[in-house]
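The file entry14.pdb comes next; it holds PDB, C-alpha atoms, pLDDT in the B column.
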MODEL        1
ATOM      1  CA  MET A 552    -130.353 196.876 -65.827  1.00 49.00           C
ATOM      2  CA  LYS A 553    -131.166 193.214 -65.162  1.00 47.00           C
ATOM      3  CA  ARG A 554    -127.471 192.265 -65.282  1.00 44.00           C
ATOM      4  CA  SER A 555    -126.531 194.873 -62.649  1.00 42.00           C
ATOM      5  CA  LEU A 556    -129.382 193.632 -60.446  1.00 38.00           C
ATOM      6  CA  LYS A 557    -128.023 190.060 -60.711  1.00 39.00           C
ATOM      7  CA  VAL A 558    -124.514 191.242 -59.805  1.00 35.00           C
ATOM      8  CA  LEU A 559    -125.893 193.195 -56.839  1.00 35.00           C
ATOM      9  CA  THR A 560    -127.863 190.120 -55.689  1.00 36.00           C
ATOM     10  CA  VAL A 561    -124.770 187.879 -55.892  1.00 35.00           C
ATOM     11  CA  LEU A 562    -122.654 190.440 -54.006  1.00 36.00           C
ATOM     12  CA  SER A 563    -125.319 190.818 -51.327  1.00 39.00           C
ATOM     13  CA  ALA A 564    -125.561 187.042 -50.888  1.00 38.00           C
ATOM     14  CA  GLY A 565    -121.766 186.842 -50.612  1.00 39.00           C
ATOM     15  CA  LEU A 566    -121.701 189.515 -47.912  1.00 40.00           C
ATOM     16  CA  PHE A 567    -124.511 187.791 -46.025  1.00 40.00           C
ATOM     17  CA  LEU A 568    -122.713 184.442 -46.131  1.00 39.00           C
ATOM     18  CA  ALA A 569    -119.399 186.012 -45.094  1.00 41.00           C
ATOM     19  CA  GLY A 570    -121.123 187.630 -42.117  1.00 42.00           C
ATOM     20  CA  SER A 571    -122.721 184.313 -41.196  1.00 39.00           C
ATOM     21  CA  ALA A 572    -119.378 182.499 -41.340  1.00 42.00           C
ATOM     22  CA  ALA A 573    -117.851 185.004 -38.935  1.00 45.00           C
ATOM     23  CA  ALA A 574    -120.653 184.348 -36.456  1.00 48.00           C
ATOM     24  CA  LEU A 575    -119.966 180.605 -36.182  1.00 53.00           C
ATOM     25  CA  GLN A 576    -118.093 180.976 -32.870  1.00 57.00           C
ATOM     26  CA  LEU A 577    -120.379 179.511 -30.214  1.00 68.00           C
ATOM     27  CA  ALA A 578    -121.021 181.717 -27.207  1.00 73.00           C
ATOM     28  CA  LEU A 579    -119.698 180.220 -23.962  1.00 66.00           C
ATOM     29  CA  GLY A 580    -121.135 181.114 -20.580  1.00 65.00           C
ATOM     30  CA  PRO A 581    -119.100 181.344 -17.366  1.00 64.00           C
ATOM     31  CA  ALA A 582    -119.812 177.686 -16.516  1.00 72.00           C
ATOM     32  CA  ASP A 583    -118.656 176.556 -19.979  1.00 69.00           C
ATOM     33  CA  LEU A 584    -115.438 178.575 -19.726  1.00 75.00           C
ATOM     34  CA  ASP A 585    -114.690 177.185 -16.277  1.00 69.00           C
ATOM     35  CA  ARG A 586    -115.448 173.602 -17.322  1.00 77.00           C
ATOM     36  CA  GLU A 587    -113.200 173.733 -20.422  1.00 79.00           C
ATOM     37  CA  ALA A 588    -110.328 175.590 -18.738  1.00 85.00           C
ATOM     38  CA  SER A 589    -107.610 173.668 -16.935  1.00 87.00           C
ATOM     39  CA  LEU A 590    -106.150 176.933 -15.637  1.00 91.00           C
ATOM     40  CA  VAL A 591    -107.895 180.171 -14.553  1.00 91.00           C
ATOM     41  CA  VAL A 592    -105.542 182.980 -13.527  1.00 93.00           C
ATOM     42  CA  THR A 593    -105.513 186.739 -13.002  1.00 93.00           C
ATOM     43  CA  GLY A 594    -102.420 188.837 -13.570  1.00 93.00           C
ATOM     44  CA  THR A 595    -100.479 191.066 -15.939  1.00 94.00           C
ATOM     45  CA  VAL A 596     -98.973 190.715 -19.424  1.00 94.00           C
ATOM     46  CA  THR A 597     -95.183 191.056 -19.070  1.00 96.00           C
ATOM     47  CA  ALA A 598     -93.890 190.188 -22.566  1.00 96.00           C
ATOM     48  CA  LEU A 599     -94.998 189.544 -26.157  1.00 95.00           C
ATOM     49  CA  SER A 600     -93.126 187.506 -28.773  1.00 95.00           C
ATOM     50  CA  SER A 601     -94.580 187.407 -32.307  1.00 95.00           C
ATOM     51  CA  TYR A 602     -93.330 185.058 -35.027  1.00 95.00           C
ATOM     52  CA  TRP A 603     -94.289 183.348 -38.288  1.00 95.00           C
ATOM     53  CA  SER A 604     -95.716 179.826 -38.231  1.00 92.00           C
ATOM     54  CA  ASP A 605     -93.395 177.050 -39.464  1.00 90.00           C
ATOM     55  CA  ASP A 606     -95.059 177.060 -42.885  1.00 93.00           C
ATOM     56  CA  GLY A 607     -94.973 180.880 -43.094  1.00 91.00           C
ATOM     57  CA  SER A 608     -98.731 181.192 -43.529  1.00 93.00           C
ATOM     58  CA  THR A 609     -99.697 183.054 -40.353  1.00 93.00           C
ATOM     59  CA  ILE A 610     -98.360 185.057 -37.418  1.00 95.00           C
ATOM     60  CA  TYR A 611     -98.670 183.936 -33.794  1.00 93.00           C
ATOM     61  CA  THR A 612     -97.867 185.752 -30.568  1.00 94.00           C
ATOM     62  CA  ASP A 613     -96.705 184.077 -27.380  1.00 94.00           C
ATOM     63  CA  VAL A 614     -97.906 186.145 -24.419  1.00 94.00           C
ATOM     64  CA  THR A 615     -96.026 185.886 -21.108  1.00 95.00           C
ATOM     65  CA  PHE A 616     -98.355 186.500 -18.191  1.00 94.00           C
ATOM     66  CA  ALA A 617     -97.340 187.109 -14.551  1.00 95.00           C
ATOM     67  CA  VAL A 618     -99.819 185.318 -12.292  1.00 94.00           C
ATOM     68  CA  ASN A 619    -101.135 187.293  -9.289  1.00 94.00           C
ATOM     69  CA  GLU A 620    -104.148 185.112  -8.430  1.00 90.00           C
ATOM     70  CA  GLN A 621    -105.001 181.547  -9.317  1.00 90.00           C
ATOM     71  CA  ALA A 622    -108.602 180.335  -9.287  1.00 86.00           C
ATOM     72  CA  LYS A 623    -108.120 176.926 -10.932  1.00 87.00           C
ATOM     73  CA  GLY A 624    -105.218 174.625 -11.771  1.00 85.00           C
ATOM     74  CA  GLN A 625    -101.528 174.633 -10.902  1.00 84.00           C
ATOM     75  CA  THR A 626     -98.917 176.969 -12.409  1.00 77.00           C
ATOM     76  CA  GLU A 627     -95.708 178.798 -11.619  1.00 82.00           C
ATOM     77  CA  GLN A 628     -95.437 182.554 -11.143  1.00 91.00           C
ATOM     78  CA  SER A 629     -95.924 183.045 -14.885  1.00 93.00           C
ATOM     79  CA  VAL A 630     -97.602 181.279 -17.784  1.00 93.00           C
ATOM     80  CA  VAL A 631     -97.193 181.535 -21.576  1.00 94.00           C
ATOM     81  CA  PHE A 632    -100.164 181.326 -23.916  1.00 92.00           C
ATOM     82  CA  ARG A 633    -100.410 181.613 -27.697  1.00 92.00           C
ATOM     83  CA  VAL A 634    -102.821 183.690 -29.742  1.00 91.00           C
ATOM     84  CA  PRO A 635    -103.060 184.009 -33.524  1.00 91.00           C
ATOM     85  CA  GLY A 636    -102.060 187.423 -34.842  1.00 92.00           C
ATOM     86  CA  GLY A 637     -99.391 189.958 -34.017  1.00 93.00           C
ATOM     87  CA  GLU A 638     -96.682 191.931 -35.792  1.00 92.00           C
ATOM     88  CA  VAL A 639     -93.444 190.679 -37.312  1.00 94.00           C
ATOM     89  CA  GLY A 640     -91.350 193.443 -38.846  1.00 92.00           C
ATOM     90  CA  ASP A 641     -93.672 195.700 -40.798  1.00 90.00           C
ATOM     91  CA  ILE A 642     -96.342 193.021 -41.323  1.00 91.00           C
ATOM     92  CA  GLY A 643     -99.252 192.709 -38.901  1.00 90.00           C
ATOM     93  CA  LEU A 644    -102.150 190.300 -38.544  1.00 91.00           C
ATOM     94  CA  ALA A 645    -105.274 190.961 -36.474  1.00 89.00           C
ATOM     95  CA  VAL A 646    -107.634 188.032 -35.869  1.00 89.00           C
ATOM     96  CA  GLU A 647    -111.261 188.988 -35.266  1.00 86.00           C
ATOM     97  CA  ASP A 648    -112.133 186.646 -32.404  1.00 83.00           C
ATOM     98  CA  TYR A 649    -108.951 187.299 -30.384  1.00 86.00           C
ATOM     99  CA  PRO A 650    -107.960 190.356 -28.359  1.00 86.00           C
ATOM    100  CA  ARG A 651    -104.709 192.211 -29.032  1.00 88.00           C
ATOM    101  CA  PHE A 652    -102.565 192.226 -25.918  1.00 89.00           C
ATOM    102  CA  ALA A 653    -100.081 194.853 -24.751  1.00 91.00           C
ATOM    103  CA  VAL A 654     -97.461 194.702 -22.024  1.00 93.00           C
ATOM    104  CA  GLY A 655     -99.101 195.912 -18.805  1.00 93.00           C
ATOM    105  CA  ASP A 656    -102.603 194.620 -19.614  1.00 92.00           C
ATOM    106  CA  ARG A 657    -104.307 193.158 -16.511  1.00 93.00           C
ATOM    107  CA  ALA A 658    -106.679 190.299 -17.205  1.00 91.00           C
ATOM    108  CA  THR A 659    -108.337 187.098 -16.077  1.00 89.00           C
ATOM    109  CA  LEU A 660    -107.574 184.171 -18.398  1.00 90.00           C
ATOM    110  CA  TYR A 661    -109.338 180.859 -18.986  1.00 89.00           C
ATOM    111  CA  LEU A 662    -106.636 178.592 -20.434  1.00 91.00           C
ATOM    112  CA  ARG A 663    -106.155 175.020 -21.626  1.00 90.00           C
ATOM    113  CA  PRO A 664    -103.035 173.301 -22.971  1.00 91.00           C
ATOM    114  CA  ALA A 665    -102.395 174.040 -26.654  1.00 87.00           C
ATOM    115  CA  GLU A 666    -102.279 171.125 -29.092  1.00 83.00           C
ATOM    116  CA  ASN A 667     -98.482 170.990 -29.034  1.00 75.00           C
ATOM    117  CA  GLY A 668     -98.460 171.119 -25.210  1.00 73.00           C
ATOM    118  CA  ALA A 669     -95.633 173.681 -25.075  1.00 74.00           C
ATOM    119  CA  VAL A 670     -97.898 176.584 -24.150  1.00 88.00           C
ATOM    120  CA  TYR A 671    -101.546 177.324 -23.336  1.00 92.00           C
ATOM    121  CA  GLU A 672    -104.356 178.715 -25.476  1.00 90.00           C
ATOM    122  CA  LEU A 673    -107.465 180.720 -24.578  1.00 88.00           C
ATOM    123  CA  VAL A 674    -110.706 178.778 -24.141  1.00 87.00           C
ATOM    124  CA  GLY A 675    -113.295 179.932 -26.677  1.00 81.00           C
ATOM    125  CA  ALA A 676    -110.894 182.317 -28.434  1.00 77.00           C
ATOM    126  CA  GLY A 677    -111.475 185.844 -27.115  1.00 73.00           C
ATOM    127  CA  GLN A 678    -114.215 184.629 -24.777  1.00 72.00           C
ATOM    128  CA  GLY A 679    -111.528 183.152 -22.537  1.00 70.00           C
ATOM    129  CA  VAL A 680    -110.137 186.517 -21.449  1.00 73.00           C
ATOM    130  CA  GLU A 681    -111.513 189.392 -19.380  1.00 74.00           C
ATOM    131  CA  ILE A 682    -109.192 192.388 -19.830  1.00 75.00           C
ATOM    132  CA  ASP A 683    -109.461 195.134 -17.210  1.00 76.00           C
ATOM    133  CA  ALA A 684    -110.801 198.366 -18.677  1.00 58.00           C
ATOM    134  CA  LYS A 685    -108.225 200.959 -19.687  1.00 57.00           C
ATOM    135  CA  PRO A 686    -108.760 204.637 -20.464  1.00 50.00           C
ATOM    136  CA  VAL A 687    -109.666 205.083 -24.122  1.00 49.00           C
ATOM    137  CA  ALA A 688    -107.985 207.718 -26.287  1.00 50.00           C
ATOM    138  CA  TYR A 689    -110.628 209.004 -28.662  1.00 50.00           C
ATOM    139  CA  TYR A 690    -108.216 210.806 -30.979  1.00 48.00           C
ATOM    140  CA  SER A 691    -104.716 209.962 -32.083  1.00 47.00           C
ATOM    141  CA  TYR A 692    -102.203 210.862 -34.767  1.00 52.00           C
ATOM    142  CA  SER A 693    -103.089 207.631 -36.591  1.00 53.00           C
ATOM    143  CA  GLY A 694    -106.349 209.151 -37.762  1.00 50.00           C
ATOM    144  CA  TYR A 695    -108.527 206.549 -36.017  1.00 49.00           C
ATOM    145  CA  HIS A 696    -111.091 207.612 -33.466  1.00 46.00           C
TER
ENDMDL
END
Encoded form (structure tokens):
Amino acid sequence: MKRSLKVLTVLSAGLFLAGSAAALQLALGPADLDREASLVVTGTVTALSSYWSDDGSTIYTDVTFAVNEQAKGQTEQSVVFRVPGGEVGDIGLAVEDYPRFAVGDRATLYLRPAENGAVYELVGAGQGVEIDAKPVAYYSYSGYH
């Protein structure tokens, strides 16, 4: 009995610590998002391109976004930003702090140049995007609801 109690205690501590690690993302307010963003735009997702990282350890998606309104910064009629996660073939990766985008999504984005400078990234992970509400399907053939 004592051994099973020890195992239960260790498992509980592990779950608590895992939950704490997931909560390490600092909350950013509107002023923080605006200050850290070099580009703030509103528009529509027009294309998605998912691929493996160079070392094959993770999946990234480049999101092409048609700009309708620009609140901060300079850009062309479209901008590309990168998010971790996506689907390549029959393998998918969902990253907790980032939204999953679909072609046609309307959103406001808070962006800054990515480390490699080729594309942008969201400020504060998923905090740097405000996706317009879409109708929700409560039941589907996938079994999720």
- [ ] Report as JSON, numbers by chain the full result of the PyMOL selection byres ((chain A and resi 590-606) around 6) when it is applied to this structure.
- [x] {"A": [588, 589, 607, 608, 609, 610, 611, 612, 613, 614, 615, 616, 617, 618, 619, 620, 621, 622, 623, 624, 637, 654, 655, 656, 657, 658, 659, 660, 661, 662]}
Kindly list the centre and edge lengths in Å, rounded to one decimal, for the axis-aligned box that covers all listed atoms of stretch 607-622 of chain A plus 4 Å on each of its six sides, as AutoDock Vina command-line options.
--center_x -101.8 --center_y 183.8 --center_z -26.0 --size_x 21.6 --size_y 15.0 --size_z 43.1
- [ ] Measure the distance from atom CA of A:Ala645 to atom CA of A:Gly677 in Å and round it to one decimal.
- [x]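 About the pair atom CA of A:Ala645 and atom CA of A:Gly677: they are 12.3 Å apart.
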